[in-house]
file coords-v7.txt (compact mmCIF, C-alpha atoms (C1' of nucleotides))
# COMPACT_ATOMS: atom_id res chain seq x y z
CA MET S 276 125.38 112.63 72.68
CA ALA S 277 126.55 109.05 72.70
CA ARG S 278 129.69 108.89 74.74
CA SER S 279 132.44 107.36 72.66
CA PRO S 280 132.12 103.59 72.78
CA SER S 281 134.16 102.06 75.51
CA GLY S 282 134.83 99.13 73.23
CA PHE S 283 135.10 96.47 75.87
CA VAL S 284 132.62 94.28 74.02
CA SER S 285 133.64 95.42 70.58
CA ASP S 286 134.72 91.92 69.70
CA HIS S 287 131.17 90.66 69.82
CA PRO S 288 130.41 88.24 66.99
CA ALA S 289 127.52 89.73 65.11
CA LEU S 290 125.14 91.89 67.12
CA PRO S 291 122.06 90.78 65.28
CA ARG S 292 119.68 91.88 68.05
CA LEU S 293 117.95 95.12 68.85
CA PRO S 294 114.79 94.98 66.79
CA ALA S 295 112.52 98.01 66.63
CA GLU S 296 111.85 99.26 70.14
CA GLY S 297 108.12 98.72 69.97
CA THR S 298 108.54 95.10 68.93
CA GLN S 299 110.95 94.31 71.70
CA ALA S 300 108.86 96.03 74.33
CA ARG S 301 105.76 94.16 73.21
CA ARG S 302 107.74 90.93 73.38
CA PHE S 303 108.86 91.45 76.93
CA GLY S 304 105.43 92.63 77.93
CA LYS S 305 103.98 89.39 76.66
CA THR S 306 106.59 87.41 78.54
CA ARG S 307 105.66 89.25 81.71
CA SER S 308 101.95 88.60 81.40
CA ALA S 309 102.65 84.94 80.62
CA GLN S 310 104.31 84.72 84.01
CA SER S 311 101.21 85.81 85.83
CA THR S 312 99.16 83.01 84.28
CA ALA S 313 101.81 80.31 84.55
CA LEU S 314 101.08 79.60 88.19
CA LEU S 315 97.34 79.40 87.64
CA GLU S 316 97.95 76.96 84.79
CA ASP S 317 100.11 74.77 86.99
CA TYR S 318 97.50 74.74 89.72
CA ALA S 319 94.67 73.92 87.33
CA GLU S 320 96.62 71.04 85.87
CA LEU S 321 97.63 69.68 89.25
CA ILE S 322 94.11 69.91 90.60
CA ALA S 323 92.79 68.01 87.60
CA ASP S 324 95.46 65.36 88.13
CA LEU S 325 94.63 65.01 91.80
CA LEU S 326 90.92 64.91 91.16
CA ALA S 327 91.41 62.19 88.56
CA SER S 328 93.85 60.07 90.53
CA GLU S 329 92.76 60.65 94.12
CA GLY S 330 89.17 61.70 93.73
CA GLU S 331 89.84 64.93 95.60
CA ALA S 332 92.21 67.86 95.59
CA ARG S 333 93.14 69.10 99.04
CA PRO S 334 95.13 72.26 99.65
CA THR S 335 97.73 70.36 101.65
CA ASP S 336 98.33 67.86 98.84
CA ILE S 337 98.59 70.65 96.32
CA ALA S 338 101.06 72.47 98.54
CA ARG S 339 103.15 69.34 98.96
CA ARG S 340 103.29 68.63 95.25
CA LEU S 341 104.24 72.17 94.46
CA GLY S 342 106.75 72.45 97.24
CA VAL S 343 105.11 75.45 98.87
CA SER S 344 103.45 76.00 102.24
CA HIS S 345 99.77 75.27 102.58
CA ALA S 346 99.15 78.95 103.21
CA THR S 347 100.58 79.79 99.82
CA ALA S 348 98.49 77.11 98.17
CA ILE S 349 95.32 78.37 99.80
CA LYS S 350 96.01 81.91 98.78
CA THR S 351 96.58 80.87 95.18
CA ILE S 352 93.42 78.78 95.24
CA SER S 353 91.61 81.98 96.14
CA ARG S 354 93.05 83.57 93.04
CA LEU S 355 91.87 80.58 91.05
CA LYS S 356 88.38 81.15 92.40
CA ARG S 357 88.53 84.84 91.65
CA ALA S 358 89.55 83.97 88.09
CA GLY S 359 86.56 81.68 87.76
CA LEU S 360 88.71 78.59 87.34
CA ALA S 361 87.92 76.75 90.54
CA THR S 362 85.37 76.41 93.29
CA ALA S 363 86.06 75.52 96.88
CA ARG S 364 84.09 75.64 100.10
CA PRO S 365 85.83 75.63 103.47
CA TYR S 366 87.20 72.23 104.47
CA ARG S 367 85.65 70.63 101.36
CA GLY S 368 88.48 70.48 98.84
CA VAL S 369 88.94 72.20 95.53
CA PHE S 370 87.13 71.61 92.25
CA LEU S 371 87.53 73.02 88.79
CA THR S 372 84.86 74.93 86.95
CA GLU S 373 84.26 74.08 83.29
CA LYS S 374 86.63 76.86 82.42
CA GLY S 375 89.20 75.43 84.81
CA GLN S 376 88.85 71.95 83.35
CA ALA S 377 89.25 73.28 79.85
CA LEU S 378 92.39 75.10 80.92
CA ALA S 379 93.79 72.03 82.62
CA GLU S 380 93.25 69.93 79.54
CA ARG S 381 94.83 72.51 77.30
CA VAL S 382 97.79 72.76 79.64
CA ARG S 383 98.21 69.02 79.83
CA ALA S 384 98.17 68.63 76.07
CA ARG S 385 100.69 71.41 75.68
CA HIS S 386 102.93 69.90 78.32
CA ARG S 387 102.95 66.54 76.55
CA LEU S 388 103.71 68.16 73.25
CA VAL S 389 106.63 70.11 74.66
CA VAL S 390 108.05 67.06 76.40
CA ASP S 391 107.69 64.96 73.26
CA VAL S 392 109.44 67.54 71.14
CA LEU S 393 112.29 67.85 73.61
CA CYS S 394 112.67 64.08 73.66
CA ALA S 395 112.59 63.94 69.88
CA LEU S 396 115.39 66.47 69.93
CA GLY S 397 117.47 64.15 72.04
CA VAL S 398 116.90 65.63 75.46
CA PRO S 399 116.87 62.95 78.18
CA THR S 400 113.36 62.29 79.53
CA GLU S 401 114.29 63.48 83.00
CA ALA S 402 115.52 66.86 81.78
CA ALA S 403 112.72 67.13 79.25
CA GLU S 404 110.08 66.79 81.95
CA ALA S 405 111.81 69.27 84.21
CA ASP S 406 112.48 71.90 81.57
CA ALA S 407 109.02 71.55 80.06
CA GLU S 408 107.58 72.68 83.37
CA GLY S 409 109.07 76.09 82.75
CA ILE S 410 109.05 76.21 78.96
CA GLU S 411 105.45 75.24 78.36
CA HIS S 412 104.06 78.51 79.63
CA TYR S 413 105.86 80.48 76.94
CA VAL S 414 105.02 78.44 73.87
CA SER S 415 102.64 80.26 71.57
CA GLU S 416 99.87 78.67 69.52
CA THR S 417 101.95 79.13 66.42
CA THR S 418 104.90 77.31 67.91
CA LEU S 419 102.63 74.62 69.27
CA LYS S 420 101.30 73.96 65.80
CA ALA S 421 104.82 73.75 64.44
CA PHE S 422 105.71 71.28 67.18
CA ALA S 423 102.75 69.08 66.35
CA HIS S 424 103.60 69.16 62.67
CA PHE S 425 107.22 68.36 63.39
CA LEU S 426 106.32 65.34 65.47
CA LYS S 427 103.89 64.09 62.84
CA THR S 428 106.21 64.38 59.89
CA ARG S 429 109.27 63.08 61.63
CA GLY S 430 110.04 60.18 63.93
CA MET I 1026 89.07 58.57 102.28
CA ALA I 1027 89.35 59.35 98.61
CA ARG I 1028 85.94 60.30 97.40
CA SER I 1029 85.03 58.11 94.49
CA PRO I 1030 86.50 59.64 91.35
CA SER I 1031 84.06 62.03 89.76
CA GLY I 1032 85.13 60.71 86.41
CA PHE I 1033 84.83 63.97 84.56
CA VAL I 1034 88.30 63.51 83.17
CA SER I 1035 88.12 59.77 83.11
CA ASP I 1036 88.47 59.77 79.36
CA HIS I 1037 91.93 61.21 79.66
CA PRO I 1038 94.46 59.34 77.58
CA ALA I 1039 96.86 57.96 80.10
CA LEU I 1040 97.37 60.04 83.24
CA PRO I 1041 101.08 59.51 83.14
CA ARG I 1042 101.78 62.40 85.47
CA LEU I 1043 102.18 62.65 89.20
CA PRO I 1044 105.75 61.60 89.75
CA ALA I 1045 107.06 61.17 93.26
CA GLU I 1046 106.14 64.22 95.30
CA GLY I 1047 109.69 65.21 96.00
CA THR I 1048 110.62 65.16 92.35
CA GLN I 1049 107.71 67.31 91.34
CA ALA I 1050 108.23 69.77 94.14
CA ARG I 1051 111.89 70.12 93.22
CA ARG I 1052 110.88 70.71 89.63
CA PHE I 1053 108.51 73.51 90.43
CA GLY I 1054 110.96 74.99 92.87
CA LYS I 1055 113.54 75.17 90.14
CA THR I 1056 111.06 76.78 87.80
CA ARG I 1057 110.30 79.40 90.42
CA SER I 1058 113.91 80.28 91.06
CA ALA I 1059 114.54 80.49 87.32
CA GLN I 1060 111.92 83.21 87.23
CA SER I 1061 113.77 85.35 89.69
CA THR I 1062 116.89 85.36 87.55
CA ALA I 1063 115.13 85.73 84.21
CA LEU I 1064 114.75 89.48 84.53
CA LEU I 1065 118.36 89.98 85.52
CA GLU I 1066 119.41 87.95 82.51
CA ASP I 1067 117.31 90.07 80.19
CA TYR I 1068 118.76 93.25 81.62
CA ALA I 1069 122.33 92.03 81.35
CA GLU I 1070 121.83 91.05 77.74
CA LEU I 1071 120.14 94.30 76.82
CA ILE I 1072 122.79 96.38 78.54
CA ALA I 1073 125.50 94.51 76.64
CA ASP I 1074 123.63 95.11 73.39
CA LEU I 1075 123.23 98.81 74.09
CA LEU I 1076 126.84 99.22 75.12
CA ALA I 1077 127.97 97.49 71.96
CA SER I 1078 125.67 99.29 69.57
CA GLU I 1079 125.29 102.69 71.18
CA GLY I 1080 128.38 102.95 73.30
CA GLU I 1081 126.29 103.53 76.38
CA ALA I 1082 123.39 102.05 78.29
CA ARG I 1083 121.06 104.62 79.78
CA PRO I 1084 118.22 103.75 82.13
CA THR I 1085 115.71 105.49 79.89
CA ASP I 1086 116.74 103.47 76.84
CA ILE I 1087 116.62 100.27 78.83
CA ALA I 1088 113.16 101.16 80.09
CA ARG I 1089 111.94 101.92 76.59
CA ARG I 1090 113.25 98.67 75.15
CA LEU I 1091 111.73 96.66 77.93
CA GLY I 1092 108.46 98.52 77.90
CA VAL I 1093 108.60 99.53 81.55
CA SER I 1094 108.81 102.87 83.30
CA HIS I 1095 112.23 104.36 83.96
CA ALA I 1096 111.58 104.03 87.67
CA THR I 1097 111.23 100.30 87.27
CA ALA I 1098 114.37 100.10 85.17
CA ILE I 1099 116.36 102.04 87.73
CA LYS I 1100 115.13 99.84 90.52
CA THR I 1101 116.12 96.71 88.66
CA ILE I 1102 119.51 98.19 87.84
CA SER I 1103 119.99 98.52 91.58
CA ARG I 1104 119.29 94.84 91.92
CA LEU I 1105 121.83 94.18 89.18
CA LYS I 1106 124.38 96.16 91.18
CA ARG I 1107 123.49 94.32 94.37
CA ALA I 1108 124.00 91.06 92.50
CA GLY I 1109 127.43 92.18 91.35
CA LEU I 1110 126.46 92.17 87.69
CA ALA I 1111 126.61 95.87 86.93
CA THR I 1112 128.07 99.14 88.04
CA ALA I 1113 126.50 102.55 87.71
CA ARG I 1114 127.20 105.95 89.11
CA PRO I 1115 124.51 108.65 89.18
CA TYR I 1116 123.83 110.19 85.77
CA ARG I 1117 126.67 108.21 84.22
CA GLY I 1118 124.97 105.23 82.61
CA VAL I 1119 125.19 101.54 83.37
CA PHE I 1120 128.09 99.17 82.81
CA LEU I 1121 128.52 95.46 83.27
CA THR I 1122 131.04 93.87 85.57
CA GLU I 1123 133.03 90.92 84.29
CA LYS I 1124 130.44 88.69 85.83
CA GLY I 1125 127.71 90.66 84.12
CA GLN I 1126 129.44 90.45 80.75
CA ALA I 1127 129.91 86.73 81.12
CA LEU I 1128 126.23 86.35 81.93
CA ALA I 1129 125.21 88.49 78.97
CA GLU I 1130 127.29 86.41 76.60
CA ARG I 1131 125.92 83.18 77.98
CA VAL I 1132 122.39 84.50 77.66
CA ARG I 1133 122.95 85.69 74.13
CA ALA I 1134 124.36 82.36 73.02
CA ARG I 1135 121.49 80.53 74.63
CA HIS I 1136 118.97 82.81 73.01
CA ARG I 1137 120.44 82.18 69.57
CA LEU I 1138 120.46 78.45 70.14
CA VAL I 1139 116.82 78.41 71.20
CA VAL I 1140 115.74 80.55 68.25
CA ASP I 1141 117.69 78.38 65.83
CA VAL I 1142 116.15 75.20 67.18
CA LEU I 1143 112.65 76.64 66.99
CA CYS I 1144 113.28 77.71 63.41
CA ALA I 1145 114.70 74.30 62.54
CA LEU I 1146 111.47 72.86 63.92
CA GLY I 1147 109.49 74.94 61.48
CA VAL I 1148 108.45 77.80 63.74
CA PRO I 1149 108.26 81.10 61.82
CA THR I 1150 111.12 83.43 62.67
CA GLU I 1151 108.82 86.04 64.15
CA ALA I 1152 107.22 83.60 66.59
CA ALA I 1153 110.54 81.94 67.29
CA GLU I 1154 112.10 85.20 68.41
CA ALA I 1155 109.11 86.10 70.55
CA ASP I 1156 108.73 82.72 72.22
CA ALA I 1157 112.45 82.34 72.78
CA GLU I 1158 112.32 85.44 74.96
CA GLY I 1159 110.29 83.46 77.46
CA ILE I 1160 111.56 79.96 76.83
CA GLU I 1161 115.28 80.62 77.05
CA HIS I 1162 115.24 81.17 80.80
CA TYR I 1163 114.03 77.65 81.44
CA VAL I 1164 116.36 75.65 79.23
CA SER I 1165 118.83 73.61 81.26
CA GLU I 1166 122.44 72.94 80.34
CA THR I 1167 121.50 69.40 79.45
CA THR I 1168 118.81 70.54 77.05
CA LEU I 1169 121.10 73.18 75.63
CA LYS I 1170 123.66 70.53 74.78
CA ALA I 1171 120.99 68.41 73.13
CA PHE I 1172 119.91 71.43 71.09
CA ALA I 1173 123.43 72.09 69.91
CA HIS I 1174 123.88 68.47 68.97
CA PHE I 1175 120.56 68.39 67.15
CA LEU I 1176 121.45 71.43 65.06
CA LYS I 1177 124.80 70.00 64.19
CA THR I 1178 123.56 66.59 63.11
CA ARG I 1179 120.06 67.07 61.75
CA GLY I 1180 119.02 67.43 58.14
C1' DT A 471 124.99 132.43 80.28
C1' DA A 472 120.32 131.57 81.24
C1' DT A 473 116.92 128.54 81.01
C1' DA A 474 113.92 125.02 79.15
C1' DA A 475 113.90 120.17 78.11
C1' DA A 476 115.41 115.70 78.90
C1' DA A 477 117.20 112.34 81.71
C1' DT A 478 117.84 110.57 86.23
C1' DG A 479 116.82 109.45 90.79
C1' DT A 480 113.53 109.00 94.94
C1' DT A 481 109.33 108.05 97.22
C1' DG A 482 105.26 105.88 98.15
C1' DC A 483 101.88 102.66 96.73
C1' DC A 484 99.97 98.31 94.49
C1' DT A 485 99.92 93.21 93.44
C1' DT A 486 102.04 88.54 93.48
C1' DG A 487 103.99 84.91 95.60
C1' DT A 488 106.24 83.36 99.35
C1' DC A 489 106.81 82.40 104.38
C1' DT A 490 105.75 81.73 109.67
C1' DA A 491 102.71 81.80 113.41
C1' DC A 492 98.41 81.32 115.23
C1' DA A 493 93.37 79.94 115.31
C1' DC A 494 89.79 77.00 114.03
C1' DT A 495 87.43 72.57 111.97
C1' DT A 496 87.30 67.72 110.96
C1' DT A 497 88.60 63.23 111.60
C1' DG A 498 90.11 59.19 113.71
C1' DA A 499 91.40 56.49 117.87
C1' DC A 500 90.22 55.33 121.93
C1' DG O 1110 81.75 60.94 123.31
C1' DT O 1111 86.31 62.85 123.97
C1' DC O 1112 90.32 64.54 122.47
C1' DA O 1113 94.60 64.74 119.97
C1' DA O 1114 96.24 65.00 115.33
C1' DA O 1115 95.70 66.46 110.82
C1' DG O 1116 93.99 69.55 107.83
C1' DT O 1117 92.31 74.20 106.89
C1' DG O 1118 92.03 79.03 107.14
C1' DT O 1119 93.70 83.89 108.56
C1' DA O 1120 97.00 87.45 109.58
C1' DG O 1121 101.14 89.76 109.15
C1' DA O 1122 105.72 90.14 107.09
C1' DC O 1123 108.85 90.36 103.20
C1' DA O 1124 111.01 90.69 98.42
C1' DA O 1125 110.17 91.36 93.58
C1' DG O 1126 108.36 93.89 90.01
C1' DG O 1127 105.40 97.18 88.53
C1' DC O 1128 103.47 102.19 88.52
C1' DA O 1129 102.80 107.54 89.03
C1' DA O 1130 104.30 111.73 91.04
C1' DC O 1131 107.74 114.55 92.50
C1' DA O 1132 112.68 116.36 93.05
C1' DT O 1133 117.12 116.81 91.14
C1' DT O 1134 120.88 116.97 87.69
C1' DT O 1135 122.57 117.32 82.99
C1' DT O 1136 122.33 118.87 78.43
C1' DA O 1137 121.11 121.64 74.77
C1' DT O 1138 119.81 125.87 72.89
C1' DA O 1139 118.33 130.54 72.52
call {"tool": "encode", "arguments": {"input": "coords-v7.txt", "output": "structure tokens"}}
result
Amino acid sequence: MARSPSGFVSDHPALPRLPAEGTQARRFGKTRSAQSTALLEDYAELIADLLASEGEARPTDIARRLGVSHATAIKTISRLKRAGLATARPYRGVFLTEKGQALAERVRARHRLVVDVLCALGVPTEAAEADAEGIEHYVSETTLKAFAHFLKTRG
Amino acid sequence: MARSPSGFVSDHPALPRLPAEGTQARRFGKTRSAQSTALLEDYAELIADLLASEGEARPTDIARRLGVSHATAIKTISRLKRAGLATARPYRGVFLTEKGQALAERVRARHRLVVDVLCALGVPTEAAEADAEGIEHYVSETTLKAFAHFLKTRG
DNA sequence: TATAAAATGTTGCCTTGTCTACACTTTGAC
DNA sequence: GTCAAAGTGTAGACAAGGCAACATTTTATA
């Protein structure tokens, strides 16, 4: 069946990958579902920040911070509402439900932890903050615990 | 204007967030564009792995590994072709262009680096491999360099 | 060599996340 | 109190990424 290897990558160093199919598929599946929640997490965190620092969270401000159009922000806020994370009445700003607040706090803590670990590893603050924005959504509880332990037991 | 702060998060530690709007927007924008290339990176790496270990990369195998339907795999392979990363003729399997091979190698090296750093931080191998799948797409060159340096010099 | 099974490819549909363009409220300045 | 500006909301379009169902080609085997 297998056509004879073309060999053009035959000089690859080790080829340690290709775990059992099921494992790999599950892994990627998890990565995919993480993506769908990443945006909601970002919104929840930003709304909490705005509420705390400005006293209100308006769609336009959210859009500006996130670099998207206000239409996009409003549509995502609807998703937030559907997910039971936020409440909003027309022209009255956005608020977080208890669930939304809990999420925002969890996200904030995780963000800090990721940034701190990156910094501890020697990553410049600027890059650490930027990369953490993407990384944080893919860090599991297990890894988070390891991060916390690492920071505690080491400078 | 700002309604008086509701105070429900007033006991937050520091509120060190909310950088200049432009900065934050740029950050999120980068995160978003990283997402659009993440899938292509995964495909390129997997195709390289399959070519190396099996001698061929068939849509069905790719689909199985990734846990998606073959229709999805085929559609993404088309995107790979459009992006100049792969070539494929009907019923003849998928191959990587030079550009695609270069990408696959870069992705593989990055993946290893991320896994190694996570392990060095005390994350169990299992979790490290799983989390790296998501994290790796958001690690900048700067951070990558810091990782490499950390691994070389740490104890 | 037929023919059944497997793989491949196509089509049409769904959801997200994004945009622009347009319509409608609120707010602030006069 | 009026009215323009700012903010808000809605509609329609598009690409990405996913699926199931169907059509086609290759491969394997009886």
call {"tool": "calpha_fit_rmsd", "arguments": {"input": "coords-v7.txt", "fixed": "chain I", "moving": "chain S"}}
result
0.5 Å
call {"tool": "residues_around", "arguments": {"input": "coords-v7.txt", "residues": "Arg1137 of chain I", "least_positions_apart": "4", "cutoff": "10 Å", "atoms": "all atoms listed in the file", "output": "PyMOL selection string"}}
result
(chain S and resi 291-292) or (chain I and resi 1132-1133+1141-1143+1154+1157+1161)
call {"tool": "closest_atom_pairs", "arguments": {"input": "coords-v7.txt", "of": "chain I", "to": "chain A", "cutoff": "9 Å", "atoms": "only C-alpha atoms (C1' of nucleotides)", "output": "tab-separated table"}}
result
residue	atom	partner	partner_atom	distance
I:Arg1083	CA	A:DA477	C1'	8.8
I:Pro1084	CA	A:DT478	C1'	8.0
I:Thr1085	CA	A:DA477	C1'	7.2
I:His1095	CA	A:DT478	C1'	8.7
I:Ala1096	CA	A:DG479	C1'	8.2
I:Ile1099	CA	A:DG479	C1'	8.0
I:Pro1115	CA	A:DT478	C1'	7.5
I:Tyr1116	CA	A:DT478	C1'	6.0
call {"tool": "axis_aligned_box", "arguments": {"input": "coords-v7.txt", "around": "segment 404-415 of chain S", "padding_each_side": "8 Å", "output": "JSON"}}
result
{"center_x": 107.6, "center_y": 73.6, "center_z": 77.9, "size_x": 25.8, "size_y": 29.7, "size_z": 28.6}
call {"tool": "atom_distance", "arguments": {"input": "coords-v7.txt", "atom1": "atom CA of Arg1114 of chain I", "atom2": "atom CA of Arg1131 of chain I"}}
result
25.4 Å
call {"tool": "atom_distance", "arguments": {"input": "coords-v7.txt", "atom1": "atom CA of Glu296 of chain S", "atom2": "atom CA of Val1140 of chain I"}}
result
19.2 Å
call {"tool": "interface_residues", "arguments": {"input": "coords-v7.txt", "of": "chain O", "to": "chain I", "cutoff": "9 Å", "atoms": "all atoms listed in the file", "output": "list in words"}}
result
DA1125, DG1126, DG1127, DC1128, DT1134 and DT1135 of chain O
call {"tool": "closest_residue", "arguments": {"input": "coords-v7.txt", "among": "S:Val369, S:Leu419, S:Ala300, S:Leu315", "to": "Arg385 of chain S", "atoms": "all atoms listed in the file"}}
result
S:Leu419
call {"tool": "closest_atom_pairs", "arguments": {"input": "coords-v7.txt", "of": "chain S", "to": "chain I", "cutoff": "7 Å", "atoms": "only C-alpha atoms", "output": "CSV"}}
result
residue,atom,partner,partner_atom,distance
S:Ala277,CA,I:Gly1080,CA,6.4
S:Arg278,CA,I:Gly1080,CA,6.3
S:Ser279,CA,I:Gly1080,CA,6.0
S:Pro280,CA,I:Gly1080,CA,3.8
S:Ser281,CA,I:Gly1080,CA,6.3
S:Val284,CA,I:Ala1077,CA,6.0
S:Ser285,CA,I:Ala1077,CA,6.2
S:Glu296,CA,I:Arg1090,CA,5.2
S:Gln299,CA,I:Arg1090,CA,6.0
S:Ala300,CA,I:Gly1092,CA,4.4
S:Arg301,CA,I:Gly1092,CA,6.9
S:Arg302,CA,I:Ala1155,CA,5.8
S:Phe303,CA,I:Leu1091,CA,6.0
S:Gly304,CA,I:Gly1092,CA,6.6
S:Thr306,CA,I:Gly1159,CA,5.5
S:Leu326,CA,I:Pro1030,CA,6.9
S:Ala327,CA,I:Pro1030,CA,6.2
S:Glu329,CA,I:Ala1027,CA,5.8
S:Gly330,CA,I:Pro1030,CA,4.1
S:Glu331,CA,I:Arg1028,CA,6.3
S:Arg339,CA,I:Glu1046,CA,7.0
S:Arg340,CA,I:Ala1050,CA,5.2
S:Leu341,CA,I:Ala1050,CA,4.7
S:Gly342,CA,I:Ala1050,CA,4.4
S:Leu396,CA,I:Phe1175,CA,6.2
S:Gly397,CA,I:Ala1171,CA,5.6
S:Val398,CA,I:Ala1171,CA,5.5
S:Ala402,CA,I:Thr1168,CA,6.8
S:Ala405,CA,I:Arg1052,CA,5.7
S:Asp406,CA,I:Val1164,CA,5.9
S:Glu408,CA,I:Thr1056,CA,7.0
S:Gly409,CA,I:Tyr1163,CA,5.4
S:Ile410,CA,I:Ile1160,CA,5.0
S:Tyr413,CA,I:Gly1159,CA,5.4
S:Val414,CA,I:Asp1156,CA,5.9
S:Ser415,CA,I:Asp1156,CA,6.6
S:Thr417,CA,I:Ala1152,CA,6.9
S:Thr418,CA,I:Val1148,CA,5.5
S:Ala421,CA,I:Val1148,CA,5.5
S:Phe422,CA,I:Leu1146,CA,6.8
S:Phe425,CA,I:Leu1146,CA,6.2
call {"tool": "write_last_selection", "arguments": {"input": "coords-v7.txt", "atoms": "C-alpha atoms", "output": "PDB file, in the coordinates of the input"}}
result
ATOM      1  CA  ALA S 277     126.550 109.050  72.700  1.00  0.00           C
ATOM      2  CA  ARG S 278     129.690 108.890  74.740  1.00  0.00           C
ATOM      3  CA  SER S 279     132.440 107.360  72.660  1.00  0.00           C
ATOM      4  CA  PRO S 280     132.120 103.590  72.780  1.00  0.00           C
ATOM      5  CA  SER S 281     134.160 102.060  75.510  1.00  0.00           C
ATOM      6  CA  VAL S 284     132.620  94.280  74.020  1.00  0.00           C
ATOM      7  CA  SER S 285     133.640  95.420  70.580  1.00  0.00           C
ATOM      8  CA  GLU S 296     111.850  99.260  70.140  1.00  0.00           C
ATOM      9  CA  GLN S 299     110.950  94.310  71.700  1.00  0.00           C
ATOM     10  CA  ALA S 300     108.860  96.030  74.330  1.00  0.00           C
ATOM     11  CA  ARG S 301     105.760  94.160  73.210  1.00  0.00           C
ATOM     12  CA  ARG S 302     107.740  90.930  73.380  1.00  0.00           C
ATOM     13  CA  PHE S 303     108.860  91.450  76.930  1.00  0.00           C
ATOM     14  CA  GLY S 304     105.430  92.630  77.930  1.00  0.00           C
ATOM     15  CA  THR S 306     106.590  87.410  78.540  1.00  0.00           C
ATOM     16  CA  LEU S 326      90.920  64.910  91.160  1.00  0.00           C
ATOM     17  CA  ALA S 327      91.410  62.190  88.560  1.00  0.00           C
ATOM     18  CA  GLU S 329      92.760  60.650  94.120  1.00  0.00           C
ATOM     19  CA  GLY S 330      89.170  61.700  93.730  1.00  0.00           C
ATOM     20  CA  GLU S 331      89.840  64.930  95.600  1.00  0.00           C
ATOM     21  CA  ARG S 339     103.150  69.340  98.960  1.00  0.00           C
ATOM     22  CA  ARG S 340     103.290  68.630  95.250  1.00  0.00           C
ATOM     23  CA  LEU S 341     104.240  72.170  94.460  1.00  0.00           C
ATOM     24  CA  GLY S 342     106.750  72.450  97.240  1.00  0.00           C
ATOM     25  CA  LEU S 396     115.390  66.470  69.930  1.00  0.00           C
ATOM     26  CA  GLY S 397     117.470  64.150  72.040  1.00  0.00           C
ATOM     27  CA  VAL S 398     116.900  65.630  75.460  1.00  0.00           C
ATOM     28  CA  ALA S 402     115.520  66.860  81.780  1.00  0.00           C
ATOM     29  CA  ALA S 405     111.810  69.270  84.210  1.00  0.00           C
ATOM     30  CA  ASP S 406     112.480  71.900  81.570  1.00  0.00           C
ATOM     31  CA  GLU S 408     107.580  72.680  83.370  1.00  0.00           C
ATOM     32  CA  GLY S 409     109.070  76.090  82.750  1.00  0.00           C
ATOM     33  CA  ILE S 410     109.050  76.210  78.960  1.00  0.00           C
ATOM     34  CA  TYR S 413     105.860  80.480  76.940  1.00  0.00           C
ATOM     35  CA  VAL S 414     105.020  78.440  73.870  1.00  0.00           C
ATOM     36  CA  SER S 415     102.640  80.260  71.570  1.00  0.00           C
ATOM     37  CA  THR S 417     101.950  79.130  66.420  1.00  0.00           C
ATOM     38  CA  THR S 418     104.900  77.310  67.910  1.00  0.00           C
ATOM     39  CA  ALA S 421     104.820  73.750  64.440  1.00  0.00           C
ATOM     40  CA  PHE S 422     105.710  71.280  67.180  1.00  0.00           C
ATOM     41  CA  PHE S 425     107.220  68.360  63.390  1.00  0.00           C
TER      42      PHE S 425
END
call {"tool": "build_atoms", "arguments": {"input": "coords-v7.txt", "residues": "segment 371-380 of chain S", "atoms": "N, CA and C atoms", "output": "mmCIF file, keeping the file's coordinate frame"}}
result
data_model
loop_
_atom_site.group_PDB
_atom_site.id
_atom_site.type_symbol
_atom_site.label_atom_id
_atom_site.label_comp_id
_atom_site.auth_asym_id
_atom_site.auth_seq_id
_atom_site.Cartn_x
_atom_site.Cartn_y
_atom_site.Cartn_z
ATOM 1 N N LEU S 371 87.358 72.122 89.929
ATOM 2 C CA LEU S 371 87.530 73.020 88.790
ATOM 3 C C LEU S 371 86.180 73.340 88.158
ATOM 4 N N THR S 372 86.041 74.567 87.732
ATOM 5 C CA THR S 372 84.860 74.930 86.950
ATOM 6 C C THR S 372 85.083 74.379 85.534
ATOM 7 N N GLU S 373 84.099 74.531 84.687
ATOM 8 C CA GLU S 373 84.260 74.080 83.290
ATOM 9 C C GLU S 373 85.467 74.775 82.683
ATOM 10 N N LYS S 374 85.530 76.063 82.943
ATOM 11 C CA LYS S 374 86.630 76.860 82.420
ATOM 12 C C LYS S 374 87.970 76.315 82.938
ATOM 13 N N GLY S 375 87.988 75.962 84.210
ATOM 14 C CA GLY S 375 89.200 75.430 84.810
ATOM 15 C C GLY S 375 89.582 74.087 84.205
ATOM 16 N N GLN S 376 88.572 73.257 83.958
ATOM 17 C CA GLN S 376 88.850 71.950 83.350
ATOM 18 C C GLN S 376 89.403 72.118 81.947
ATOM 19 N N ALA S 377 88.787 73.038 81.218
ATOM 20 C CA ALA S 377 89.250 73.280 79.850
ATOM 21 C C ALA S 377 90.707 73.725 79.875
ATOM 22 N N LEU S 378 91.009 74.626 80.804
ATOM 23 C CA LEU S 378 92.390 75.100 80.920
ATOM 24 C C LEU S 378 93.324 73.952 81.238
ATOM 25 N N ALA S 379 92.936 73.142 82.198
ATOM 26 C CA ALA S 379 93.790 72.030 82.620
ATOM 27 C C ALA S 379 94.073 71.089 81.452
ATOM 28 N N GLU S 380 93.044 70.837 80.662
ATOM 29 C CA GLU S 380 93.250 69.930 79.540
ATOM 30 C C GLU S 380 94.172 70.534 78.492
#
